[in-house]
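Input: a single structure, listed below in C-alpha cells.
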Amino acid sequence: MRHREIMSAIHWARRVNRSWLVRSNLNDHTEAWLDYLATLDDGRLLESCELARAMCEQRLPDDDPKPWFYSGIFQLATEAEAKRFLDTHRVTKATVPSMADAPEVHLWLDRVGPETRELLARLHQELARLRRASDGADREDGRRRAP
C-alpha cells in the first residue's frame, strides 16, 4: 500500500502542495486557501482535498499533475474567493465554476492557444464527471450537496 492511500485527503493535499515548485506562489496561495477553509469549517476543506486527489488519479501518466491538482482543490471556491486566492493563476481560475462568467476569464480565454484550450477542456470534462458521480452518491445516501 502506498502512503497516500492511508494518508487523509487533507494531509495528502497539504503535503503535495508543499512539495512542488510553482509559478506566482500558487503553493502559498493554496496553503492560505486550505487554512481559510479549515477556519470556515463548512465541509469544503475535505471535499476540496478529495477532489484534488481524484483529479490527480484521473490524469494521463504524461500529464503535468499540477493543473489537475489545483483545479480540484479550488473547485468549490466562490467568485470572491477565486478572485482573492487565484488572482494571477489563470488556468486554475478558468476551471472554477463560479468564475465561468467572469469577464477576466473570458478575456484570457480569447487569447490562449490550442494546447491550453485542450487542457482546459479535459479538466472541465473530468470535473463534470466527478460532480455527476458525487451527485449520484449523495442521492444514494440521502445527503444533499451544499450549493
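Identifiers for the C-alpha cells are assigned positionally: chains receive A, B, ... in sequence, residues are indexed from 1 per chain, and ligands are indexed from 1 in the order shown.
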- Determine, counting only C-alpha atoms, which protein, DNA and RNA residues have an atom within 10 Å of an atom of range 113-117 of chain A; residues of the same chain fewer than 5 positions away are not included. Present the result as number ranges by chain. A: 91, 122-123
Please dump the current selection as a PDB file, in the first residue's frame; keep N, CA and C atoms.
```pdb
ATOM      1  N   VAL A  91      -5.131  29.526 -15.355  1.00  0.00           N
ATOM      2  CA  VAL A  91      -5.634  28.195 -15.719  1.00  0.00           C
ATOM      3  C   VAL A  91      -6.553  27.680 -14.620  1.00  0.00           C
ATOM      4  N   ARG A 122     -10.180  19.135 -21.062  1.00  0.00           N
ATOM      5  CA  ARG A 122     -10.005  17.872 -20.334  1.00  0.00           C
ATOM      6  C   ARG A 122     -10.273  18.050 -18.851  1.00  0.00           C
ATOM      7  N   LEU A 123      -9.785  19.157 -18.272  1.00  0.00           N
ATOM      8  CA  LEU A 123     -10.029  19.431 -16.854  1.00  0.00           C
ATOM      9  C   LEU A 123     -11.522  19.596 -16.588  1.00  0.00           C
TER      10      LEU A 123
END
```
- Task: Mind the document's chain letters and residue numbers, and return as a PyMOL selection string the residues of range 1-118 of chain A that DSSP labels alpha helix (DSSP H).
- Result: chain A and resi 3-6+9-19+26-40+44-58+65-73+79-85+90-95+103-109+114-118
- Task: Name the residues in contact with Ile73 in chain A at a cut-off of 9 Å, using only C-alpha atoms, excluding same-chain residues fewer than 4 positions from it; report them as an MDAnalysis selection string.
- Result: chainID A and resid 13 30 33:34 45 47:53 68:69 77
- Item | Residue with smallest distance to Tyr70 in chain A - pool A:Gln125, A:Asn17, A:Ser98, A:Ser8, counting only C-alpha atoms | A:Asn17
- Message: So that I can see what lies close to Ala94 in chain A, please list as a ChimeraX atom specification the residues with an atom at most 12 Å from it, counting only C-alpha atoms and leaving out residues fewer than 2 positions away in the same chain.
- Response: /A:67,70-72,74-75,77,79,82-83,86-92,96-110,112,116-117,119-121,123-124
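With CA of Thr95 in chain A on one side and CA of Ser24 in chain A on the other, the separation reads 17.7 Å.
One finds CA of Arg84 in chain A at 28.9 Å from CA of Met7 in chain A.
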- Note on the structure: One residue among A:Arg129, A:Asp63, A:Ile10, A:Ser134 is nearest to Leu37 in chain A when using only C-alpha atoms, and that residue is A:Ile10
